[in-house]
Amino acid sequence: MPPLHYLLWLAPYFGATLGLVYTFPDCVNGPLNTNAVCNRTQDAATRAKALISLFTDDELIANTVNLSPGVPRLGLPSYEWWSEALHGVALSPGVTFASSGNFSSATSFPQPITLGSAFDNQLVKSIADVISIEARAFNNFGRAGLDYWTPNINPFKDPRWGRGQETPGEDPYHISQYVFNLIDGLQGGIDPLPYLKTVADCKHFAAYDLENWEGIDRFSFDARVSNQDLSEFYLPSFQSCVRDAKAGSVMCSYNSVNGIPACASSYLLQTILRDHWGFNDDRWVTSDCDAVNNIFSTHHFTSTYAEAVASALKAGTDIDCGNTYAEHLPEALNQSLITRTDLERALVRQYTSLVRLGYFDPPDVQPYRQLDWSDVNSPNAQQLAYQAAVEGIVLLKNDGTLPFNTSIRTLAVIGPWANATTQMQGNYRGIAPFLISPLQAASDAGYQPTFVQGTTISGTSTTGFAAAVAAAQSADAVIFAGGIDNTVEFEGQDRTTIVWPGVQLDLIAALEAVGKPLVVLQFGGGQVDDLALKNNQTVNAILWAGYPGQSGGTAIFDILSGKASPAGRLPTTQYPAAYTDQVPMTDMSLRPSATNPGRTYKWYQGTPVFEFGHGLHYTTFNVQWQHTPPTQYNIASLISDASSDSPLDLATFDTFDITVQNTGKVTSDYVALLFVNSTAGPAPHPNKQLVSYSRLHQLAGGSNSSASLSVTLGSIARADTAGDLWIYNGSYQLNIDTGPVLLTHQFELIGQPAQISQMPRDNSTTGTA
């Protein structure tokens, strides 16, 4: 949620927002009909400039906030920039759900952490396409905006982070592929013409992954980050979003980066975002909600509010989610801290975006303006929500108990997630058309379930244990559904431990003693330490489901019964509980040191409980190269052969074609994960790094399928201490899959190291990395 003081400010007009009906300017009979903004033969920027030139100074300032009042004298309607759609059109100031009937719900897909574990780029794009269809349908009937403040693409570096559920996982390459396909679907293509479908917003820029940990909160936290870690870890997903996928907007984060609040950082918002990545003036930056206020109030970066708003506006924050711009830009203008040109630049960016969305054009020439309620929660959308849940569920452990054999008919369904409904959605949720709990799904699948909650997520009472044990004694098999949820991990609060909360493990132990087949369903975005369950032979299977959305229960029981097969892979590392005692959340470094065991699978020096990419199947696979790859590559030739039409880091290093055979009997998907490891370049060296992946679908027992794993120069490059990316000479090894590795190949890169990109230098005098 946004900060409390912002919500208090929001309260007086929140009711009005709930009643806000979006309307479009009248370019036929309205006051703007002779202005160039209504002239479809002009380019978008020219049209926006013609409109903004008519604004008075006061009107410019009034429209720099998220709830823009418009300009009534010009027939320009009010517009709420803040709509949400993280995993479906979501409750937010800009979205109004009806109490019943049309537009009373929207498809609720799994959270990104679960969708990310599918490692299925086409699925990501297809879901984003459906979300944007439903978003446009809501907008056409005045119930939502045209821009959506999604996705969250901060890498999930620390398991304690309260918002990790909103992200696809911990790996920058994986997130970069995810976000590229997501933006493609949300915006209707890569920089499409003539109209954008919606405008997506990549957040939170940059180095944001702390809420409130041991009294240190996001509103005042200064993330001290090296250029090397910025280049390799914190920025690649944003580069993919902005430079490659052409997202229409970016959100600057609450935190400071190396001494400068992100929303006041010209290095982030101008040097990197606009100059380096080409984020041009038909795209805009919004602050996180109240982050402009925080420049003065919590970061103490300026001496006055006037200086704070001036620093944000001039750095490149075009929209203030909050009211600080509206309250203090007049002072800044009067004190000559800003000019009218600064205000116009921000407004031109916003309205150029709206022009590209067709805001000023007649509906009959726009296919997206024809969408309606019949396009919401369509059969295709329902199938995708179910498919995403199935694909994202990860089988962590199985001794052969799963899938259940046909003799198992009665089930004890125990635990605080067993009858979950809205719990299945996670945060930033909308109103789902239906929610299928594990308990309901058990009945739907033909089982005879007995439900006993037994305990709550974090409760310490054991009074429910006896009833849970009694139910287990009477059942053919026992299912415990627990883990964590949004009472434990949420925006504004991080965890301090990654052990199972409350007395859930005690209840599982009591259920183990019954001696019936026992399956643990683990939910939540952040991982908990499963070591005790992993090593205990009386726990027969563990599945992780994250937040699986509206059809989550059905997906789970289809996997338990064998109707569907698990093939998801963990998108994060599951650390042992001691990890949280070994490194503070405030340590932004990735590489191991005397005070840091290393972060993510690339650098962690300990033994994970379950590693990144882990995921079991109901069958077995064999993988072979279709053609033996080269054993040597010349660095100079790789550079010279690269196309000049795209950035060098996107140039192809090689494409590795594999054949995958299902050597078992059960039809299953298979995710091919291709890693590289090397001792080339400066020490320390990463354990390995993901360079490509592909999901193959529905391989029948005994059948073969093929995949092409394309590897770019950027994915095998490493950053030096300045953040510049280099291809280093030396020995490398390719590995397909994790424990066990199914296929390897060794090769050499020969010749002199070559730099393939340069990190922009920060010339500010404060807090250089």
# chains A, B, ... in the order shown; residues from 1 in each chain; ligands from 1

$ closest_atom_pairs --of "segment 186-239 of chain A" --to "segment 152-168 of chain A" --cutoff "7 Å" --atoms "only C-alpha atoms" --output "JSON lines"
{"residue": "A:Cys202", "atom": "CA", "partner": "A:Asn152", "partner_atom": "CA", "distance": 6.2}
{"residue": "A:Lys203", "atom": "CA", "partner": "A:Asn152", "partner_atom": "CA", "distance": 5.0}
{"residue": "A:His204", "atom": "CA", "partner": "A:Asn152", "partner_atom": "CA", "distance": 6.5}
{"residue": "A:Tyr208", "atom": "CA", "partner": "A:Asn154", "partner_atom": "CA", "distance": 6.5}
{"residue": "A:Asp209", "atom": "CA", "partner": "A:Trp161", "partner_atom": "CA", "distance": 6.3}
{"residue": "A:Leu210", "atom": "CA", "partner": "A:Trp161", "partner_atom": "CA", "distance": 6.0}
{"residue": "A:Glu211", "atom": "CA", "partner": "A:Gly162", "partner_atom": "CA", "distance": 6.5}
{"residue": "A:Tyr234", "atom": "CA", "partner": "A:Pro155", "partner_atom": "CA", "distance": 6.8}
{"residue": "A:Ser237", "atom": "CA", "partner": "A:Ile153", "partner_atom": "CA", "distance": 6.3}

$ write_last_selection --atoms "all heavy atoms" --output "PDB file, in the first residue's frame"
ATOM      1  N   CYS A 202       7.088   0.328 -15.681  1.00  0.00           N
ATOM      2  CA  CYS A 202       8.065  -0.542 -15.026  1.00  0.00           C
ATOM      3  C   CYS A 202       8.563   0.106 -13.740  1.00  0.00           C
ATOM      4  O   CYS A 202       9.005   1.252 -13.739  1.00  0.00           O
ATOM      5  CB  CYS A 202       9.220  -0.843 -15.977  1.00  0.00           C
ATOM      6  SG  CYS A 202       8.727  -1.968 -17.306  1.00  0.00           S
ATOM      7  N   LYS A 203       8.481  -0.661 -12.660  1.00  0.00           N
ATOM      8  CA  LYS A 203       8.792  -0.120 -11.344  1.00  0.00           C
ATOM      9  C   LYS A 203       9.587  -1.167 -10.546  1.00  0.00           C
ATOM     10  O   LYS A 203       9.541  -2.357 -10.882  1.00  0.00           O
ATOM     11  CB  LYS A 203       7.505   0.280 -10.608  1.00  0.00           C
ATOM     12  CG  LYS A 203       6.514  -0.874 -10.374  1.00  0.00           C
ATOM     13  CD  LYS A 203       5.194  -0.366  -9.809  1.00  0.00           C
ATOM     14  CE  LYS A 203       4.275  -1.510  -9.436  1.00  0.00           C
ATOM     15  NZ  LYS A 203       2.955  -1.059  -8.975  1.00  0.00           N
ATOM     16  N   HIS A 204      10.369  -0.735  -9.589  1.00  0.00           N
ATOM     17  CA  HIS A 204      10.564   0.607  -9.033  1.00  0.00           C
ATOM     18  C   HIS A 204      12.016   0.959  -9.312  1.00  0.00           C
ATOM     19  O   HIS A 204      12.913   0.246  -8.860  1.00  0.00           O
ATOM     20  CB  HIS A 204      10.261   0.617  -7.546  1.00  0.00           C
ATOM     21  CG  HIS A 204       8.935  -0.026  -7.198  1.00  0.00           C
ATOM     22  ND1 HIS A 204       8.784  -1.395  -7.059  1.00  0.00           N
ATOM     23  CD2 HIS A 204       7.712   0.511  -6.964  1.00  0.00           C
ATOM     24  CE1 HIS A 204       7.527  -1.669  -6.752  1.00  0.00           C
ATOM     25  NE2 HIS A 204       6.861  -0.527  -6.689  1.00  0.00           N
ATOM     26  N   TYR A 208      15.459  -1.069  -5.532  1.00  0.00           N
ATOM     27  CA  TYR A 208      14.417  -1.062  -4.492  1.00  0.00           C
ATOM     28  C   TYR A 208      14.082  -2.491  -4.109  1.00  0.00           C
ATOM     29  O   TYR A 208      13.573  -3.258  -4.925  1.00  0.00           O
ATOM     30  CB  TYR A 208      13.176  -0.353  -5.028  1.00  0.00           C
ATOM     31  CG  TYR A 208      11.940  -0.460  -4.155  1.00  0.00           C
ATOM     32  CD1 TYR A 208      11.786   0.334  -3.028  1.00  0.00           C
ATOM     33  CD2 TYR A 208      10.916  -1.347  -4.472  1.00  0.00           C
ATOM     34  CE1 TYR A 208      10.650   0.251  -2.234  1.00  0.00           C
ATOM     35  CE2 TYR A 208       9.774  -1.439  -3.688  1.00  0.00           C
ATOM     36  CZ  TYR A 208       9.647  -0.648  -2.569  1.00  0.00           C
ATOM     37  OH  TYR A 208       8.524  -0.732  -1.785  1.00  0.00           O
ATOM     38  N   ASP A 209      14.355  -2.903  -2.880  1.00  0.00           N
ATOM     39  CA  ASP A 209      13.928  -4.218  -2.405  1.00  0.00           C
ATOM     40  C   ASP A 209      13.947  -4.270  -0.882  1.00  0.00           C
ATOM     41  O   ASP A 209      14.318  -5.281  -0.287  1.00  0.00           O
ATOM     42  CB  ASP A 209      14.770  -5.347  -3.016  1.00  0.00           C
ATOM     43  CG  ASP A 209      16.255  -5.229  -2.746  1.00  0.00           C
ATOM     44  OD1 ASP A 209      16.645  -4.330  -1.962  1.00  0.00           O
ATOM     45  OD2 ASP A 209      17.037  -6.012  -3.310  1.00  0.00           O
ATOM     46  N   LEU A 210      13.518  -3.192  -0.254  1.00  0.00           N
ATOM     47  CA  LEU A 210      13.402  -3.137   1.201  1.00  0.00           C
ATOM     48  C   LEU A 210      12.158  -2.340   1.549  1.00  0.00           C
ATOM     49  O   LEU A 210      11.926  -1.268   0.981  1.00  0.00           O
ATOM     50  CB  LEU A 210      14.652  -2.496   1.814  1.00  0.00           C
ATOM     51  CG  LEU A 210      14.695  -2.359   3.339  1.00  0.00           C
ATOM     52  CD1 LEU A 210      16.136  -2.543   3.841  1.00  0.00           C
ATOM     53  CD2 LEU A 210      14.185  -0.985   3.797  1.00  0.00           C
ATOM     54  N   GLU A 211      11.340  -2.890   2.460  1.00  0.00           N
ATOM     55  CA  GLU A 211      10.124  -2.205   2.899  1.00  0.00           C
ATOM     56  C   GLU A 211      10.357  -1.562   4.270  1.00  0.00           C
ATOM     57  O   GLU A 211      10.484  -0.361   4.391  1.00  0.00           O
ATOM     58  CB  GLU A 211       8.967  -3.215   2.976  1.00  0.00           C
ATOM     59  CG  GLU A 211       8.651  -3.892   1.656  1.00  0.00           C
ATOM     60  CD  GLU A 211       8.257  -2.915   0.577  1.00  0.00           C
ATOM     61  OE1 GLU A 211       7.311  -2.138   0.796  1.00  0.00           O
ATOM     62  OE2 GLU A 211       8.911  -2.917  -0.490  1.00  0.00           O
ATOM     63  N   TYR A 234      20.809  -4.952 -10.857  1.00  0.00           N
ATOM     64  CA  TYR A 234      19.668  -4.083 -10.575  1.00  0.00           C
ATOM     65  C   TYR A 234      19.058  -3.424 -11.807  1.00  0.00           C
ATOM     66  O   TYR A 234      17.881  -3.059 -11.791  1.00  0.00           O
ATOM     67  CB  TYR A 234      20.064  -3.019  -9.549  1.00  0.00           C
ATOM     68  CG  TYR A 234      20.383  -3.574  -8.185  1.00  0.00           C
ATOM     69  CD1 TYR A 234      21.693  -3.740  -7.761  1.00  0.00           C
ATOM     70  CD2 TYR A 234      19.365  -3.964  -7.324  1.00  0.00           C
ATOM     71  CE1 TYR A 234      21.995  -4.259  -6.499  1.00  0.00           C
ATOM     72  CE2 TYR A 234      19.647  -4.491  -6.066  1.00  0.00           C
ATOM     73  CZ  TYR A 234      20.966  -4.641  -5.658  1.00  0.00           C
ATOM     74  OH  TYR A 234      21.251  -5.172  -4.420  1.00  0.00           O
ATOM     75  N   SER A 237      16.802  -5.644 -16.006  1.00  0.00           N
ATOM     76  CA  SER A 237      15.365  -5.787 -16.258  1.00  0.00           C
ATOM     77  C   SER A 237      14.759  -4.470 -16.729  1.00  0.00           C
ATOM     78  O   SER A 237      13.857  -4.455 -17.584  1.00  0.00           O
ATOM     79  CB  SER A 237      14.642  -6.279 -14.999  1.00  0.00           C
ATOM     80  OG  SER A 237      14.923  -5.461 -13.884  1.00  0.00           O
TER      81      SER A 237
END

$ select_by_dssp --residues "segment 490-669 of chain A" --states "alpha helix (DSSP H)" --output "number ranges by chain"
A: 504-512, 531-534, 552-561, 600-603, 635-641

$ write_last_selection --atoms "N, CA, C and O atoms" --output "short mmCIF file (atom, residue, chain, number, x, y, z; two decimals), in the first residue's frame"
data_model
loop_
_atom_site.label_atom_id
_atom_site.label_comp_id
_atom_site.auth_asym_id
_atom_site.auth_seq_id
_atom_site.Cartn_x
_atom_site.Cartn_y
_atom_site.Cartn_z
N GLN A 504 2.98 -24.14 12.55
CA GLN A 504 2.66 -24.98 11.40
C GLN A 504 3.53 -26.24 11.35
O GLN A 504 3.02 -27.34 11.07
N LEU A 505 4.82 -26.10 11.61
CA LEU A 505 5.68 -27.29 11.58
C LEU A 505 5.30 -28.26 12.69
O LEU A 505 5.42 -29.49 12.52
N ASP A 506 4.87 -27.75 13.82
CA ASP A 506 4.42 -28.63 14.90
C ASP A 506 3.18 -29.42 14.48
O ASP A 506 3.05 -30.62 14.80
N LEU A 507 2.28 -28.77 13.78
CA LEU A 507 1.09 -29.47 13.31
C LEU A 507 1.45 -30.52 12.26
O LEU A 507 0.92 -31.64 12.27
N ILE A 508 2.38 -30.15 11.35
CA ILE A 508 2.82 -31.13 10.36
C ILE A 508 3.43 -32.35 11.05
O ILE A 508 3.19 -33.49 10.67
N ALA A 509 4.22 -32.10 12.10
CA ALA A 509 4.82 -33.21 12.85
C ALA A 509 3.75 -34.11 13.46
O ALA A 509 3.87 -35.35 13.47
N ALA A 510 2.69 -33.51 13.98
CA ALA A 510 1.58 -34.30 14.54
C ALA A 510 0.90 -35.13 13.46
O ALA A 510 0.49 -36.28 13.70
N LEU A 511 0.79 -34.56 12.26
CA LEU A 511 0.17 -35.28 11.15
C LEU A 511 1.09 -36.40 10.65
O LEU A 511 0.61 -37.46 10.23
N GLU A 512 2.38 -36.18 10.69
CA GLU A 512 3.34 -37.21 10.30
C GLU A 512 3.15 -38.47 11.14
O GLU A 512 3.24 -39.61 10.65
N LEU A 531 13.95 -27.48 5.09
CA LEU A 531 14.95 -28.53 5.30
C LEU A 531 14.40 -29.68 6.14
O LEU A 531 14.63 -30.86 5.83
N ALA A 532 13.68 -29.35 7.22
CA ALA A 532 13.15 -30.41 8.08
C ALA A 532 12.17 -31.29 7.32
O ALA A 532 12.13 -32.52 7.52
N LEU A 533 11.37 -30.69 6.45
CA LEU A 533 10.40 -31.45 5.66
C LEU A 533 11.09 -32.24 4.55
O LEU A 533 10.72 -33.38 4.25
N LYS A 534 12.10 -31.64 3.96
CA LYS A 534 12.84 -32.29 2.89
C LYS A 534 13.52 -33.57 3.39
O LYS A 534 13.53 -34.60 2.70
N GLY A 552 -6.42 -21.68 -8.83
CA GLY A 552 -5.31 -22.31 -8.15
C GLY A 552 -5.66 -23.66 -7.54
O GLY A 552 -4.89 -24.62 -7.65
N GLY A 553 -6.81 -23.76 -6.90
CA GLY A 553 -7.19 -25.02 -6.29
C GLY A 553 -7.33 -26.13 -7.31
O GLY A 553 -6.87 -27.26 -7.10
N THR A 554 -7.97 -25.82 -8.44
CA THR A 554 -8.13 -26.81 -9.50
C THR A 554 -6.77 -27.27 -10.02
O THR A 554 -6.55 -28.47 -10.23
N ALA A 555 -5.87 -26.33 -10.26
CA ALA A 555 -4.55 -26.68 -10.76
C ALA A 555 -3.82 -27.60 -9.80
O ALA A 555 -3.19 -28.59 -10.20
N ILE A 556 -3.91 -27.29 -8.50
CA ILE A 556 -3.23 -28.11 -7.50
C ILE A 556 -3.76 -29.54 -7.51
O ILE A 556 -2.99 -30.51 -7.54
N PHE A 557 -5.08 -29.69 -7.50
CA PHE A 557 -5.63 -31.05 -7.42
C PHE A 557 -5.53 -31.80 -8.73
O PHE A 557 -5.48 -33.04 -8.73
N ASP A 558 -5.45 -31.10 -9.84
CA ASP A 558 -5.17 -31.80 -11.10
C ASP A 558 -3.77 -32.39 -11.07
O ASP A 558 -3.52 -33.47 -11.60
N ILE A 559 -2.84 -31.68 -10.44
CA ILE A 559 -1.47 -32.22 -10.30
C ILE A 559 -1.44 -33.35 -9.28
O ILE A 559 -0.83 -34.41 -9.50
N LEU A 560 -2.11 -33.18 -8.14
CA LEU A 560 -2.12 -34.24 -7.12
C LEU A 560 -2.73 -35.54 -7.65
O LEU A 560 -2.27 -36.64 -7.31
N SER A 561 -3.74 -35.41 -8.49
CA SER A 561 -4.45 -36.59 -9.00
C SER A 561 -3.80 -37.17 -10.24
O SER A 561 -4.14 -38.29 -10.65
N THR A 600 21.70 -14.71 -4.22
CA THR A 600 21.13 -15.44 -5.35
C THR A 600 22.01 -16.64 -5.69
O THR A 600 23.12 -16.79 -5.20
N TYR A 601 21.47 -17.49 -6.54
CA TYR A 601 22.19 -18.72 -6.90
C TYR A 601 23.55 -18.42 -7.54
O TYR A 601 24.46 -19.26 -7.51
N LYS A 602 23.70 -17.23 -8.12
CA LYS A 602 24.96 -16.91 -8.81
C LYS A 602 26.12 -16.76 -7.84
O LYS A 602 27.27 -17.06 -8.20
N TRP A 603 25.85 -16.32 -6.61
CA TRP A 603 26.94 -15.97 -5.71
C TRP A 603 26.88 -16.66 -4.35
O TRP A 603 27.86 -16.59 -3.59
N ILE A 635 36.65 -14.07 -30.08
CA ILE A 635 35.93 -12.90 -29.57
C ILE A 635 35.82 -11.82 -30.63
O ILE A 635 34.74 -11.22 -30.82
N ALA A 636 36.90 -11.54 -31.33
CA ALA A 636 36.87 -10.49 -32.36
C ALA A 636 35.85 -10.81 -33.44
O ALA A 636 35.13 -9.92 -33.93
N SER A 637 35.75 -12.09 -33.82
CA SER A 637 34.78 -12.48 -34.85
C SER A 637 33.35 -12.33 -34.35
O SER A 637 32.45 -11.91 -35.10
N LEU A 638 33.12 -12.67 -33.08
CA LEU A 638 31.77 -12.49 -32.52
C LEU A 638 31.34 -11.04 -32.58
O LEU A 638 30.18 -10.73 -32.90
N ILE A 639 32.27 -10.15 -32.29
CA ILE A 639 31.95 -8.71 -32.31
C ILE A 639 31.73 -8.22 -33.73
O ILE A 639 30.75 -7.52 -34.02
N SER A 640 32.60 -8.63 -34.64
CA SER A 640 32.49 -8.13 -36.02
C SER A 640 31.28 -8.70 -36.73
O SER A 640 30.73 -8.05 -37.64
N ASP A 641 30.85 -9.90 -36.34
CA ASP A 641 29.69 -10.51 -37.00
C ASP A 641 28.36 -9.97 -36.48
O ASP A 641 27.31 -10.26 -37.04
#

$ atom_distance --atom1 "atom CA of Asp476 of chain A" --atom2 "atom CA of Gly562 of chain A"
16.7 Å

$ residues_around --residues "Asp26 of chain A" --least-positions-apart "5" --cutoff "8 Å" --atoms "only C-alpha atoms" --output "ChimeraX atom specification"
/A:31-33,75,360

$ write_last_selection --atoms "all heavy atoms" --output "short mmCIF file (atom, residue, chain, number, x, y, z; two decimals), in the first residue's frame"
data_model
loop_
_atom_site.label_atom_id
_atom_site.label_comp_id
_atom_site.auth_asym_id
_atom_site.auth_seq_id
_atom_site.Cartn_x
_atom_site.Cartn_y
_atom_site.Cartn_z
N PRO A 31 -14.42 22.45 -27.28
CA PRO A 31 -13.54 23.62 -27.46
C PRO A 31 -12.21 23.31 -28.15
O PRO A 31 -11.59 24.20 -28.72
CB PRO A 31 -13.30 24.10 -26.02
CG PRO A 31 -14.44 23.56 -25.22
CD PRO A 31 -14.79 22.26 -25.86
N LEU A 32 -11.78 22.05 -28.11
CA LEU A 32 -10.48 21.69 -28.70
C LEU A 32 -10.59 21.27 -30.16
O LEU A 32 -9.58 20.91 -30.78
CB LEU A 32 -9.86 20.53 -27.90
CG LEU A 32 -9.39 20.84 -26.48
CD1 LEU A 32 -8.97 19.56 -25.78
CD2 LEU A 32 -8.22 21.83 -26.52
N ASN A 33 -11.78 21.33 -30.74
CA ASN A 33 -11.94 20.74 -32.07
C ASN A 33 -11.10 21.41 -33.15
O ASN A 33 -10.80 20.80 -34.18
CB ASN A 33 -13.42 20.71 -32.48
CG ASN A 33 -14.00 22.10 -32.67
OD1 ASN A 33 -13.43 23.10 -32.22
ND2 ASN A 33 -15.16 22.18 -33.32
N GLY A 75 -12.46 21.82 -22.21
CA GLY A 75 -13.14 20.56 -22.46
C GLY A 75 -12.24 19.35 -22.25
O GLY A 75 -12.54 18.26 -22.77
N PHE A 360 -7.67 11.14 -27.99
CA PHE A 360 -8.32 12.28 -28.67
C PHE A 360 -8.95 11.88 -30.00
O PHE A 360 -9.46 12.75 -30.72
CB PHE A 360 -7.29 13.39 -28.90
CG PHE A 360 -6.76 14.00 -27.64
CD1 PHE A 360 -5.61 13.49 -27.03
CD2 PHE A 360 -7.40 15.07 -27.03
CE1 PHE A 360 -5.12 14.05 -25.86
CE2 PHE A 360 -6.91 15.64 -25.86
CZ PHE A 360 -5.77 15.11 -25.26
#

$ residues_around --residues "Phe621 of chain A" --least-positions-apart "6" --cutoff "6 Å" --atoms "only C-alpha atoms" --output "MDAnalysis selection string"
chainID A and resid 661:663

$ residues_around --residues "segment 649-657 of chain A" --least-positions-apart "4" --cutoff "10 Å" --atoms "only C-alpha atoms" --output "PyMOL selection string"
chain A and resi 244+624-630+633+635+638-639+641-645+674+692+706-717+725-727+755-757

$ write_last_selection --atoms "N, CA and C atoms" --output "compact mmCIF listing (two decimals), in the first residue's frame"
# COMPACT_ATOMS: atom_id res chain seq x y z
N ASP A 244 14.39 -2.06 -24.90
CA ASP A 244 14.04 -3.12 -25.83
C ASP A 244 12.54 -3.26 -26.05
N GLN A 624 19.90 -34.15 -25.47
CA GLN A 624 21.09 -34.28 -26.31
C GLN A 624 21.21 -33.07 -27.23
N TRP A 625 22.46 -32.74 -27.60
CA TRP A 625 22.68 -31.70 -28.61
C TRP A 625 22.23 -32.25 -29.97
N GLN A 626 21.53 -31.45 -30.74
CA GLN A 626 21.21 -31.86 -32.10
C GLN A 626 22.47 -31.86 -32.97
N HIS A 627 23.33 -30.90 -32.71
CA HIS A 627 24.63 -30.83 -33.38
C HIS A 627 25.64 -30.46 -32.31
N THR A 628 26.78 -31.11 -32.29
CA THR A 628 27.79 -30.80 -31.29
C THR A 628 28.23 -29.34 -31.44
N PRO A 629 28.10 -28.54 -30.38
CA PRO A 629 28.47 -27.12 -30.49
C PRO A 629 29.98 -26.96 -30.70
N PRO A 630 30.39 -25.80 -31.20
CA PRO A 630 31.81 -25.51 -31.36
C PRO A 630 32.55 -25.58 -30.02
N TYR A 633 35.46 -20.20 -29.82
CA TYR A 633 34.88 -19.00 -30.43
C TYR A 633 35.91 -17.89 -30.36
N ILE A 635 36.65 -14.07 -30.08
CA ILE A 635 35.93 -12.90 -29.57
C ILE A 635 35.82 -11.82 -30.63
N LEU A 638 33.12 -12.67 -33.08
CA LEU A 638 31.77 -12.49 -32.52
C LEU A 638 31.34 -11.04 -32.58
N ILE A 639 32.27 -10.15 -32.29
CA ILE A 639 31.95 -8.71 -32.31
C ILE A 639 31.73 -8.22 -33.73
N ASP A 641 30.85 -9.90 -36.34
CA ASP A 641 29.69 -10.51 -37.00
C ASP A 641 28.36 -9.97 -36.48
N ALA A 642 28.41 -9.23 -35.38
CA ALA A 642 27.18 -8.73 -34.79
C ALA A 642 26.52 -7.68 -35.68
N SER A 643 25.19 -7.68 -35.70
CA SER A 643 24.45 -6.71 -36.51
C SER A 643 24.56 -5.33 -35.88
N SER A 644 24.65 -4.34 -36.72
CA SER A 644 24.72 -2.95 -36.25
C SER A 644 23.33 -2.38 -35.99
N ASP A 645 22.28 -3.17 -36.26
CA ASP A 645 20.91 -2.69 -36.13
C ASP A 645 20.40 -2.72 -34.70
N LEU A 674 19.42 -23.35 -19.48
CA LEU A 674 20.81 -23.39 -19.94
C LEU A 674 21.64 -22.41 -19.10
N SER A 692 19.84 -18.89 -21.10
CA SER A 692 18.72 -19.14 -22.01
C SER A 692 17.79 -20.15 -21.36
N SER A 706 12.09 -30.69 -29.71
CA SER A 706 13.33 -29.92 -29.87
C SER A 706 13.14 -28.50 -29.37
N ALA A 707 14.25 -27.91 -28.99
CA ALA A 707 14.25 -26.52 -28.54
C ALA A 707 15.51 -25.84 -29.04
N SER A 708 15.40 -24.57 -29.35
CA SER A 708 16.54 -23.76 -29.74
C SER A 708 16.80 -22.75 -28.64
N LEU A 709 17.98 -22.86 -28.05
CA LEU A 709 18.34 -21.99 -26.93
C LEU A 709 19.31 -20.94 -27.43
N SER A 710 18.76 -19.75 -27.66
CA SER A 710 19.57 -18.65 -28.19
C SER A 710 20.27 -17.93 -27.06
N VAL A 711 21.57 -17.71 -27.20
CA VAL A 711 22.38 -17.06 -26.19
C VAL A 711 22.95 -15.78 -26.79
N THR A 712 22.80 -14.67 -26.08
CA THR A 712 23.30 -13.38 -26.54
C THR A 712 24.69 -13.09 -25.96
N LEU A 713 25.37 -12.16 -26.58
CA LEU A 713 26.65 -11.72 -26.04
C LEU A 713 26.47 -11.14 -24.63
N GLY A 714 25.39 -10.41 -24.44
CA GLY A 714 25.15 -9.79 -23.14
C GLY A 714 24.97 -10.80 -22.03
N SER A 715 24.38 -11.95 -22.35
CA SER A 715 24.10 -12.93 -21.30
C SER A 715 25.35 -13.67 -20.84
N ILE A 716 26.41 -13.70 -21.67
CA ILE A 716 27.65 -14.34 -21.22
C ILE A 716 28.68 -13.32 -20.77
N ALA A 717 28.33 -12.04 -20.88
CA ALA A 717 29.26 -10.97 -20.49
C ALA A 717 29.26 -10.80 -18.97
N LEU A 725 30.34 -3.79 -19.55
CA LEU A 725 30.21 -5.22 -19.85
C LEU A 725 31.32 -5.67 -20.79
N TRP A 726 31.91 -6.81 -20.45
CA TRP A 726 33.02 -7.36 -21.23
C TRP A 726 32.78 -8.83 -21.56
N ILE A 727 33.29 -9.23 -22.74
CA ILE A 727 33.42 -10.63 -23.08
C ILE A 727 34.86 -11.02 -22.77
N GLN A 755 35.01 -5.09 -24.84
CA GLN A 755 33.94 -4.38 -24.15
C GLN A 755 32.75 -4.26 -25.09
N ILE A 756 31.56 -4.64 -24.60
CA ILE A 756 30.38 -4.60 -25.46
C ILE A 756 29.39 -3.51 -25.04
N SER A 757 29.56 -2.92 -23.87
CA SER A 757 28.73 -1.77 -23.50
C SER A 757 29.43 -1.00 -22.39

$ closest_residue --among "A:Asn181, A:Thr352, A:Ser287, A:Asn729" --to "Asp120 of chain A" --atoms "only C-alpha atoms"
A:Asn181

$ residues_around --residues "segment 36-44 of chain A" --least-positions-apart "3" --cutoff "8 Å" --atoms "only C-alpha atoms" --output "PyMOL selection string"
chain A and resi 27+32-33+47-51+282+352-353+355-356+360-361

$ residues_around --residues "Ala466 of chain A" --least-positions-apart "6" --cutoff "12 Å" --atoms "only C-alpha atoms" --output "NGL selection string"
:A and (414 or 452-455 or 472-473 or 507 or 510-511 or 514)
